[in-house]
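Engineer: start37.csv is reproduced below (CSV, C-alpha atoms and all ligand atoms).
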```
chain,number,residue,atom,x,y,z
A,1,MET,CA,179.6,20.5,63.5
A,2,ALA,CA,181.5,20.6,60.3
A,3,ASN,CA,184.2,23.3,59.9
A,4,ILE,CA,184.6,24.9,56.5
A,5,HIS,CA,187.9,24.6,54.6
A,6,THR,CA,188.2,27.1,51.8
A,7,PRO,CA,190.7,28.8,49.5
A,8,ILE,CA,188.4,31.9,49.1
A,9,PRO,CA,190.1,35.1,50.4
A,10,LEU,CA,188.3,38.0,52.2
A,11,LEU,CA,188.0,41.7,51.2
A,12,LYS,CA,187.7,44.3,53.9
A,13,LEU,CA,184.6,46.5,53.7
A,14,ASN,CA,184.2,50.2,54.8
A,15,ASP,CA,182.4,49.2,58.0
A,16,GLY,CA,185.3,47.0,59.2
A,17,THR,CA,183.7,43.7,58.3
A,18,SER,CA,185.1,41.3,55.7
A,19,ILE,CA,183.4,39.7,52.7
A,20,PRO,CA,184.5,36.4,50.9
A,21,MET,CA,185.6,37.3,47.4
A,22,LEU,CA,183.8,34.4,45.6
A,23,ALA,CA,180.1,33.7,46.2
A,24,TYR,CA,177.6,31.1,45.3
A,25,GLY,CA,174.3,32.5,43.9
A,26,THR,CA,170.8,31.2,44.4
A,27,GLY,CA,169.3,33.4,41.6
A,28,THR,CA,169.6,32.8,37.8
A,29,ALA,CA,169.7,29.0,37.5
A,30,TRP,CA,167.7,28.5,40.6
A,31,TYR,CA,165.0,31.2,41.0
A,32,LYS,CA,161.3,30.2,41.0
A,33,PRO,CA,159.3,31.5,38.1
A,34,PRO,CA,156.0,33.3,39.0
A,35,SER,CA,154.0,30.1,38.4
A,36,VAL,CA,155.7,28.3,41.3
A,37,GLU,CA,154.7,28.8,45.0
A,38,GLU,CA,157.5,30.1,47.1
A,39,SER,CA,156.6,27.7,50.0
A,40,LYS,CA,157.1,24.7,47.7
A,41,ILE,CA,160.6,23.6,48.6
A,42,ASP,CA,162.8,22.8,45.6
A,43,ARG,CA,165.2,20.1,46.8
A,44,PRO,CA,167.7,20.5,44.0
A,45,THR,CA,168.2,24.1,45.1
A,46,VAL,CA,168.7,23.0,48.7
A,47,GLU,CA,171.2,20.3,47.6
A,48,GLY,CA,173.0,23.0,45.4
A,49,VAL,CA,173.5,25.1,48.5
A,50,LYS,CA,174.8,22.2,50.5
A,51,THR,CA,177.2,21.1,47.7
A,52,ALA,CA,178.6,24.6,47.5
A,53,ILE,CA,179.1,24.8,51.2
A,54,LYS,CA,180.7,21.4,51.2
A,55,LEU,CA,183.2,22.5,48.5
A,56,GLY,CA,184.2,25.6,50.5
A,57,TYR,CA,181.9,28.3,49.3
A,58,TYR,CA,180.8,30.3,52.4
A,59,HIS,CA,179.4,33.5,50.8
A,60,LEU,CA,175.9,32.7,49.7
A,61,ASP,CA,173.9,35.2,47.6
A,62,GLY,CA,170.1,35.3,47.9
A,63,ALA,CA,167.2,37.6,47.2
A,64,GLU,CA,163.6,38.2,48.0
A,65,VAL,CA,162.8,38.2,44.3
A,66,TYR,CA,164.4,34.7,43.6
A,67,LYS,CA,161.9,33.1,46.0
A,68,THR,CA,164.6,30.7,47.0
A,69,GLU,CA,165.3,32.1,50.5
A,70,PRO,CA,163.5,29.0,52.1
A,71,GLU,CA,165.9,26.7,50.1
A,72,LEU,CA,168.9,28.8,51.1
A,73,GLY,CA,167.9,28.6,54.7
A,74,LEU,CA,167.3,24.9,54.6
A,75,GLY,CA,170.6,24.3,52.8
A,76,ILE,CA,172.5,26.3,55.5
A,77,LYS,CA,170.7,24.3,58.3
A,78,GLU,CA,171.3,20.9,56.7
A,79,SER,CA,175.0,21.7,55.9
A,80,GLY,CA,175.7,21.5,59.6
A,81,VAL,CA,178.2,24.4,59.3
A,82,PRO,CA,177.9,26.9,62.1
A,83,ARG,CA,176.1,30.2,61.2
A,84,ASP,CA,179.1,32.4,62.1
A,85,GLN,CA,181.3,30.6,59.5
A,86,LEU,CA,178.9,31.6,56.7
A,87,TYR,CA,178.4,35.0,54.9
A,88,VAL,CA,174.8,35.3,53.9
A,89,VAL,CA,173.4,38.0,51.6
A,90,THR,CA,169.8,38.8,50.7
A,91,LYS,CA,168.2,41.7,48.9
A,92,VAL,CA,164.9,43.7,49.0
A,93,ASN,CA,162.9,44.2,45.8
A,94,GLN,CA,159.2,43.7,45.9
A,95,ASN,CA,158.7,45.0,49.5
A,96,ILE,CA,161.0,48.1,49.0
A,97,ALA,CA,158.2,50.3,50.4
A,98,ASP,CA,158.4,48.5,53.7
A,99,ILE,CA,162.0,47.5,54.3
A,100,HIS,CA,161.4,47.0,58.0
A,101,SER,CA,158.9,44.2,57.2
A,102,ALA,CA,160.9,42.9,54.2
A,103,ILE,CA,164.0,42.1,56.2
A,104,ARG,CA,162.0,40.4,58.9
A,105,ALA,CA,160.1,38.3,56.3
A,106,SER,CA,163.5,37.3,54.6
A,107,LEU,CA,165.1,36.3,57.9
A,108,LYS,CA,162.1,34.2,58.8
A,109,LYS,CA,162.4,32.3,55.4
A,110,LEU,CA,166.1,32.0,55.9
A,111,GLN,CA,165.6,30.7,59.4
A,112,LEU,CA,168.3,33.3,60.5
A,113,ASP,CA,168.6,36.0,63.1
A,114,TYR,CA,170.7,38.3,60.9
A,115,VAL,CA,172.2,38.5,57.4
A,116,ASP,CA,175.8,39.5,56.9
A,117,LEU,CA,174.8,41.9,54.0
A,118,TYR,CA,171.4,43.3,53.0
A,119,LEU,CA,171.1,45.0,49.6
A,120,ILE,CA,168.5,47.2,47.9
A,121,HIS,CA,168.2,45.0,44.7
A,122,GLN,CA,167.7,47.9,42.2
A,123,PRO,CA,167.2,51.6,42.1
A,124,PHE,CA,164.4,51.5,39.5
A,125,PHE,CA,161.7,51.6,42.1
A,126,ALA,CA,162.5,55.2,42.8
A,127,GLU,CA,161.7,56.2,39.2
A,128,GLY,CA,164.4,58.9,39.4
A,129,SER,CA,163.2,60.4,42.7
A,130,GLU,CA,166.2,61.2,44.9
A,131,ALA,CA,163.9,61.5,47.9
A,132,LYS,CA,162.7,57.9,47.4
A,133,LEU,CA,166.3,56.6,47.2
A,134,GLN,CA,167.2,58.5,50.3
A,135,GLU,CA,164.1,57.3,52.2
A,136,ALA,CA,164.9,53.7,51.3
A,137,TRP,CA,168.5,54.1,52.4
A,138,ALA,CA,167.4,55.6,55.8
A,139,ALA,CA,165.3,52.4,56.3
A,140,MET,CA,168.4,50.3,55.4
A,141,GLU,CA,170.4,52.2,58.1
A,142,GLN,CA,167.7,51.3,60.6
A,143,VAL,CA,168.0,47.6,59.6
A,144,LYS,CA,171.7,47.8,60.4
A,145,ALA,CA,171.1,49.7,63.7
A,146,ASP,CA,168.6,47.0,64.7
A,147,GLY,CA,171.3,44.4,64.2
A,148,LEU,CA,169.4,42.5,61.5
A,149,ALA,CA,172.2,43.0,58.9
A,150,LYS,CA,175.9,43.4,59.7
A,151,SER,CA,176.4,45.4,56.5
A,152,ILE,CA,174.2,47.2,54.1
A,153,GLY,CA,174.6,48.0,50.4
A,154,VAL,CA,172.9,48.4,47.1
A,155,SER,CA,172.7,46.7,43.7
A,156,ASN,CA,172.4,47.9,40.1
A,157,TYR,CA,173.0,51.5,41.2
A,158,TYR,CA,174.3,54.1,38.8
A,159,GLN,CA,176.7,56.8,40.0
A,160,SER,CA,173.7,59.2,40.1
A,161,ASP,CA,171.8,56.8,42.4
A,162,LEU,CA,174.8,56.6,44.7
A,163,GLU,CA,175.3,60.4,44.7
A,164,ALA,CA,171.6,60.9,45.7
A,165,THR,CA,172.0,58.2,48.4
A,166,LEU,CA,175.3,59.6,49.7
A,167,ALA,CA,173.8,63.1,50.0
A,168,THR,CA,171.8,62.2,53.1
A,169,ALA,CA,173.5,58.9,54.1
A,170,LYS,CA,174.8,58.4,57.7
A,171,VAL,CA,176.2,55.0,56.6
A,172,VAL,CA,178.1,54.8,53.3
A,173,PRO,CA,176.9,51.7,51.3
A,174,ALA,CA,179.4,48.9,51.9
A,175,ILE,CA,179.0,47.5,48.3
A,176,ASN,CA,177.3,48.0,45.0
A,177,GLN,CA,176.5,44.6,43.3
A,178,ILE,CA,176.4,45.1,39.6
A,179,GLU,CA,176.6,43.0,36.4
A,180,PHE,CA,180.3,43.2,35.7
A,181,HIS,CA,182.5,41.4,33.1
A,182,PRO,CA,184.8,42.5,30.2
A,183,TYR,CA,181.8,43.5,28.1
A,184,LEU,CA,180.2,45.6,30.8
A,185,GLN,CA,182.9,47.6,32.7
A,186,HIS,CA,180.7,50.6,33.6
A,187,GLY,CA,183.1,53.4,32.6
A,188,GLY,CA,184.1,55.4,35.7
A,189,LEU,CA,181.7,53.7,38.2
A,190,LEU,CA,184.4,51.5,39.8
A,191,GLU,CA,186.7,54.6,40.3
A,192,PHE,CA,183.7,56.4,41.9
A,193,HIS,CA,183.2,53.4,44.2
A,194,ARG,CA,186.9,53.4,45.2
A,195,LYS,CA,186.8,57.2,45.9
A,196,HIS,CA,183.9,56.7,48.3
A,197,GLY,CA,185.1,53.5,49.9
A,198,ILE,CA,182.3,51.4,48.3
A,199,ALA,CA,183.3,47.9,47.3
A,200,THR,CA,182.2,46.3,44.0
A,201,SER,CA,180.7,42.9,43.5
A,202,ALA,CA,180.1,41.3,40.1
A,203,TYR,CA,177.2,39.1,39.0
A,204,GLY,CA,177.2,37.5,35.6
A,205,PRO,CA,181.0,37.3,35.6
A,206,LEU,CA,181.1,34.4,33.2
A,207,THR,CA,179.1,36.2,30.5
A,208,PRO,CA,181.8,36.5,27.8
A,209,ALA,CA,182.4,32.7,28.1
A,210,THR,CA,178.7,31.8,28.3
A,211,ARG,CA,175.8,34.1,27.3
A,212,SER,CA,177.9,36.3,25.0
A,213,LYS,CA,180.5,34.0,23.6
A,214,GLY,CA,182.0,34.9,20.2
A,215,GLY,CA,183.8,38.2,20.9
A,216,PRO,CA,187.1,40.0,21.2
A,217,VAL,CA,188.3,38.4,24.4
A,218,ASP,CA,187.8,34.8,23.3
A,219,GLU,CA,191.2,34.1,21.8
A,220,TYR,CA,193.1,35.8,24.7
A,221,LEU,CA,191.0,34.0,27.3
A,222,GLY,CA,191.8,30.7,25.6
A,223,SER,CA,195.6,31.4,25.7
A,224,LEU,CA,195.4,32.4,29.4
A,225,ALA,CA,193.3,29.3,30.2
A,226,LYS,CA,196.1,27.2,28.6
A,227,LYS,CA,198.9,29.1,30.5
A,228,TYR,CA,197.2,28.6,33.9
A,229,ALA,CA,195.7,25.2,33.1
A,230,VAL,CA,192.2,26.3,34.0
A,231,THR,CA,189.0,27.1,32.0
A,232,GLU,CA,188.1,30.5,30.4
A,233,GLY,CA,185.5,30.9,33.1
A,234,GLU,CA,188.1,30.7,35.8
A,235,ILE,CA,190.2,33.4,34.1
A,236,LEU,CA,187.1,35.6,34.1
A,237,LEU,CA,186.5,35.0,37.8
A,238,ARG,CA,190.1,35.8,38.5
A,239,TRP,CA,190.0,38.9,36.4
A,240,CYS,CA,187.4,40.3,38.9
A,241,VAL,CA,189.3,39.2,42.0
A,242,ASP,CA,192.5,40.8,40.7
A,243,GLN,CA,190.7,44.1,40.5
A,244,ASP,CA,189.4,43.7,44.2
A,245,VAL,CA,185.9,42.9,42.8
A,246,VAL,CA,183.9,40.3,44.7
A,247,THR,CA,182.5,37.8,42.2
A,248,ILE,CA,179.3,35.8,42.3
A,249,THR,CA,178.7,32.7,40.2
A,250,THR,CA,176.6,29.6,40.4
A,251,SER,CA,176.1,26.2,38.9
A,252,GLY,CA,174.1,23.0,39.5
A,253,LYS,CA,177.2,21.0,38.5
A,254,GLU,CA,179.5,20.0,41.3
A,255,GLN,CA,182.5,19.7,39.0
A,256,ARG,CA,182.1,23.2,37.7
A,257,LEU,CA,181.7,24.6,41.2
A,258,SER,CA,184.8,22.7,42.3
A,259,ASP,CA,186.8,24.0,39.2
A,260,TYR,CA,185.8,27.6,39.9
A,261,LEU,CA,187.6,27.4,43.2
A,262,ARG,CA,190.9,27.0,41.3
A,263,SER,CA,190.5,30.7,40.4
A,264,MET,CA,191.4,31.5,44.0
A,265,THR,CA,194.8,29.7,43.7
A,266,PHE,CA,196.6,31.7,40.9
A,267,LYS,CA,196.9,35.4,40.0
A,268,LEU,CA,196.8,37.2,36.6
A,269,THR,CA,199.6,39.7,36.0
A,270,PRO,CA,198.6,43.4,35.8
A,271,THR,CA,199.4,43.3,32.1
A,272,GLU,CA,197.0,40.4,31.6
A,273,VAL,CA,194.2,42.1,33.6
A,274,LYS,CA,194.7,45.2,31.4
A,275,GLU,CA,194.7,43.3,28.2
A,276,ILE,CA,191.3,41.6,29.0
A,277,LYS,CA,190.0,45.1,30.0
A,278,ASP,CA,191.1,46.6,26.7
A,279,LEU,CA,189.9,43.8,24.5
A,280,GLY,CA,186.6,43.7,26.4
A,281,GLU,CA,185.9,47.4,25.8
A,282,GLN,CA,185.5,46.6,22.1
A,283,LYS,CA,182.2,45.0,22.8
A,284,HIS,CA,179.1,45.9,24.9
A,285,PHE,CA,176.7,43.3,26.3
A,286,ARG,CA,174.3,43.4,29.2
A,287,ALA,CA,172.5,40.2,30.2
A,288,PHE,CA,170.2,41.4,33.1
A,289,TRP,CA,167.6,44.2,33.6
A,290,GLN,CA,167.8,45.2,29.9
A,291,ASN,CA,164.3,46.6,30.1
A,292,LYS,CA,165.3,48.9,33.0
A,293,PHE,CA,168.5,50.4,31.9
A,294,ALA,CA,168.3,52.7,28.9
A,295,ALA,CA,168.9,50.8,25.6
A,296,ASP,CA,171.9,53.0,24.7
A,297,ASP,CA,173.4,53.0,28.2
A,298,LYS,CA,176.8,51.4,28.3
A,299,SER,CA,177.6,52.1,32.0
B,1,LIG,N1,171.8,41.8,41.8
B,1,LIG,C1,171.3,41.4,40.6
B,1,LIG,O1,170.6,42.1,40.0
B,1,LIG,C2,171.7,40.0,40.1
B,1,LIG,C3,171.5,39.7,38.8
B,1,LIG,C4,171.9,38.4,38.3
B,1,LIG,C5,172.5,37.5,39.2
B,1,LIG,N2,172.7,37.9,40.5
B,1,LIG,C6,173.4,36.9,41.4
B,1,LIG,O2,174.6,36.4,40.9
B,1,LIG,C7,174.5,35.0,40.8
B,1,LIG,C8,175.3,34.5,39.6
B,1,LIG,O3,174.9,35.1,38.4
B,1,LIG,P1,175.1,34.3,37.0
B,1,LIG,O4,174.4,33.0,37.0
B,1,LIG,O5,174.7,35.3,36.0
B,1,LIG,O6,176.7,34.1,37.1
B,1,LIG,P2,177.7,33.6,36.0
B,1,LIG,O7,178.0,34.6,34.9
B,1,LIG,O8,178.8,33.1,36.8
B,1,LIG,O9,176.9,32.4,35.2
B,1,LIG,C9,176.7,31.1,35.9
B,1,LIG,C10,175.9,30.3,34.9
B,1,LIG,O10,176.8,30.0,33.8
B,1,LIG,C11,176.7,28.6,33.6
B,1,LIG,N3,177.9,28.1,33.0
B,1,LIG,C12,179.1,28.0,33.6
B,1,LIG,N4,180.1,27.6,32.7
B,1,LIG,C13,179.4,27.3,31.6
B,1,LIG,C14,179.8,26.8,30.3
B,1,LIG,N5,181.1,26.5,30.1
B,1,LIG,N6,178.9,26.7,29.3
B,1,LIG,C15,177.6,27.1,29.5
B,1,LIG,N7,177.2,27.6,30.7
B,1,LIG,C16,178.1,27.7,31.7
B,1,LIG,C17,176.5,28.0,34.9
B,1,LIG,O11,175.9,26.7,34.9
B,1,LIG,C18,175.5,29.0,35.5
B,1,LIG,O12,174.2,28.7,35.2
B,1,LIG,C19,173.0,34.7,40.7
B,1,LIG,O13,172.7,33.3,41.1
B,1,LIG,C20,172.5,35.7,41.7
B,1,LIG,O14,172.7,35.2,43.0
B,1,LIG,C21,172.4,39.1,40.9
B,2,LIG,O1,169.2,39.3,40.5
B,2,LIG,C1,168.3,39.8,39.6
B,2,LIG,C2,168.1,39.0,38.4
B,2,LIG,C3,166.7,39.3,38.0
B,2,LIG,C4,166.2,40.3,37.3
B,2,LIG,N1,164.8,40.2,37.3
B,2,LIG,C5,164.5,39.1,37.9
B,2,LIG,C6,163.2,38.5,38.2
B,2,LIG,C7,163.1,37.4,38.9
B,2,LIG,C8,164.2,36.8,39.3
B,2,LIG,C9,165.5,37.3,39.1
B,2,LIG,C10,165.6,38.5,38.4
```
Would you kindly transcribe this structure into structure tokens?

Structural biologist:
Amino acid sequence: MANIHTPIPLLKLNDGTSIPMLAYGTGTAWYKPPSVEESKIDRPTVEGVKTAIKLGYYHLDGAEVYKTEPELGLGIKESGVPRDQLYVVTKVNQNIADIHSAIRASLKKLQLDYVDLYLIHQPFFAEGSEAKLQEAWAAMEQVKADGLAKSIGVSNYYQSDLEATLATAKVVPAINQIEFHPYLQHGGLLEFHRKHGIATSAYGPLTPATRSKGGPVDEYLGSLAKKYAVTEGEILLRWCVDQDVVTITTSGKEQRLSDYLRSMTFKLTPTEVKEIKDLGEQKHFRAFWQNKFAADDKS
């Protein structure tokens, strides 16, 4: 069996477990559109997972809605890396009304006995009902109690969704996975997370250098990329890690995935972190779930 060699550090979660601070995602570039059968294995997705693991990524982010859990499971199996050296995440979306069945279906597709982290993918299912958020969270707590997930958390939650959840929670969510980059910093949400011991993870971290290029951070990112001899993307990944934010990226290109790992080998100064923060606040851009968050919402 192959052993994993990796520069990716761990972050301690509120339940005593640790999470790798850089993840490889199987959504966005990989997810199967509605026209494609979930059971039809997409080999490039499997190979992408194997490449990531080979390079040293051991935190793998999946979701029911991506329809790529079968590929993620196969990639893990074919990698030859022992299960206990990998950190596997999946999320419930479509089957939120029956979380008990949803986790079992996901585990079957992943060919695993447990996931390291199980997330509620979004709070919009509750349509503002606190009772629905609380009921779903109680089902997540049961998943953890049953040993099917080592940690449980949420994704795309607002402060108000977290407050409703915390009001009846026995287990505090370990993490909130949100779109996070200099153009979407969510006001006081990260401070709220810290206050309650909830970790933050960032999807879409490269957005200012990819989907929303042409903005106030461009020039400064360029100068830091020169200083540290890396790409602008790596500065953006590092910007998350230097704020104790777990960061999730992806690519089908091995070279890019390999380059991203360099972001684990240097550190921005506190002044540089703050400068990116301040410049980023001059622009607002949200890449995901635009039809769910209110159009004028900047958090
Ligand atoms: N919880 C959620 O609602 C949610 C939403 C979106 C994504 N995610 C997760 O996060 C993962 C990563 O998300 P992401 O893809 O937005 O991350 P990201 O911002 O890191 O973007 C990665 C994408 O940018 C491309 N890219 C990298 N460098 C580039 C360059 N120089 N020029 C042009 N394109 C470049 C990559 O090829 C890849 O497709 C997903 O796969 C998924 O697992 C979760
Ligand atoms: O991770 C969530 C990104 C996302 C939002 N809506 C979707 C629909 C299908 C697949 C992925 C998504």

Engineer: Mind dumping a table of every chain A residue within 7 Å of ligand LIG 2 (chain B), with the nearest atom pair and its distance in Å to one decimal, using only C-alpha atoms and all ligand atoms, sorted by chain and rising number, as a tab-separated table?

Structural biologist:
```
residue	atom	partner	partner_atom	distance
A:Gly27	CA	B:LIG2	C9	6.0
A:Thr28	CA	B:LIG2	C9	6.2
A:Tyr31	CA	B:LIG2	C8	5.9
A:Val65	CA	B:LIG2	C8	5.4
A:Tyr66	CA	B:LIG2	C8	4.8
A:Phe288	CA	B:LIG2	C4	5.9
A:Trp289	CA	B:LIG2	C4	5.6
```

Engineer: For the selection just defined, write its residues with C-alpha atoms to a file, as a JSON list (two decimals), in the frame of the given file.

Structural biologist:
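Result went into again-v7.json, see below:
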```json
[["chain", "number", "residue", "atom", "x", "y", "z"],
["A", 27, "GLY", "CA", 169.30, 33.40, 41.60],
["A", 28, "THR", "CA", 169.60, 32.80, 37.80],
["A", 31, "TYR", "CA", 165.00, 31.20, 41.00],
["A", 65, "VAL", "CA", 162.80, 38.20, 44.30],
["A", 66, "TYR", "CA", 164.40, 34.70, 43.60],
["A", 288, "PHE", "CA", 170.20, 41.40, 33.10],
["A", 289, "TRP", "CA", 167.60, 44.20, 33.60]]
```

Engineer: When the cut-off is 7 Å and you count all atoms listed in the file, which residues lie near ligand LIG 1 (chain B), shown as a PyMOL selection string?

Structural biologist: chain A and resi 24-30+61-62+121-122+155-156+177-179+203-207+209-210+233+248-253+256+288

Engineer: Grab the atom CA of Leu55 of chain A to atom CA of Ala23 of chain A distance for me, in Å with one decimal place.

Structural biologist: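 Computed distance, atom CA of Leu55 of chain A to atom CA of Ala23 of chain A, equals 11.8 Å.
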
Engineer: Atom CA of Ala174 of chain A and atom CA of Gly153 of chain A are how many Å apart?

Structural biologist: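 That distance, rounded to one decimal, is 5.1 Å.
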
Engineer: Mind pulling up the distance from atom CA of Asp161 of chain A to atom CA of Lys67 of chain A?

Structural biologist: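 So the two atoms, atom CA of Lys67 of chain A and atom CA of Asp161 of chain A, lie 25.9 Å apart.
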
Engineer: Using all atoms listed in the file, determine which residues lie at most 9 Å from Leu13 of chain A, disregarding the query and same-chain residues fewer than 6 positions distant; provide the list as a compact mmCIF listing (two decimals) with C-alpha atoms, in the coordinates of the input.

Structural biologist:
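Result saved to around_12.txt:
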```txt
# COMPACT_ATOMS: atom_id res chain seq x y z
CA ILE A 19 183.40 39.70 52.70
CA SER A 151 176.40 45.40 56.50
CA ALA A 174 179.40 48.90 51.90
CA ILE A 175 179.00 47.50 48.30
CA GLY A 197 185.10 53.50 49.90
CA ILE A 198 182.30 51.40 48.30
CA ALA A 199 183.30 47.90 47.30
```

Engineer: Choose the residue, out of A:Glu254, A:Lys109, A:Pro20, A:Thr51, that has the smallest atom-to-atom separation from Ser201 of chain A; count all atoms listed in the file.

Structural biologist: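 Of the candidates, the smallest distance to Ser201 of chain A is held by A:Pro20.
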
Engineer: At a cut-off of 12 Å from (199.5, 38.0, 39.5) in the coordinates of the file, what residues are picked up using all atoms listed in the file, written as number ranges by chain?

Structural biologist: A: 228, 235, 238-239, 241-243, 263-274

Engineer: Could you pull the residues within 10 Å of Ile99 of chain A, counting all atoms listed in the file, minus those fewer than 4 positions along the same chain, as a ChimeraX atom specification?

Structural biologist: /A:92-95,103-105,120,136-140,142-143

Engineer: Could you tell me which of A:Leu60, A:Ala287, A:Ala126, A:Val245 comes closest to Leu184 of chain A if we count all atoms listed in the file?

Structural biologist: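 Using all atoms listed in the file, the shortest distance to Leu184 of chain A belongs to A:Ala287.
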
Engineer: In terms of the shortest atom-to-atom distance over only C-alpha atoms, which of A:Pro182, A:Gly73, A:Gly80, A:Pro7 is closest to Ser106 of chain A?

Structural biologist: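 Going through A:Pro182, A:Gly73, A:Gly80, A:Pro7 one by one, the smallest distance to Ser106 of chain A is for A:Gly73.
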
Engineer: Given the choices A:Val49, A:Leu22, A:Val115, A:Glu37, which gets closest to Val81 of chain A if the distance is worked out from all atoms listed in the file?

Structural biologist: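 Distance minimum relative to Val81 of chain A lands on A:Val49.
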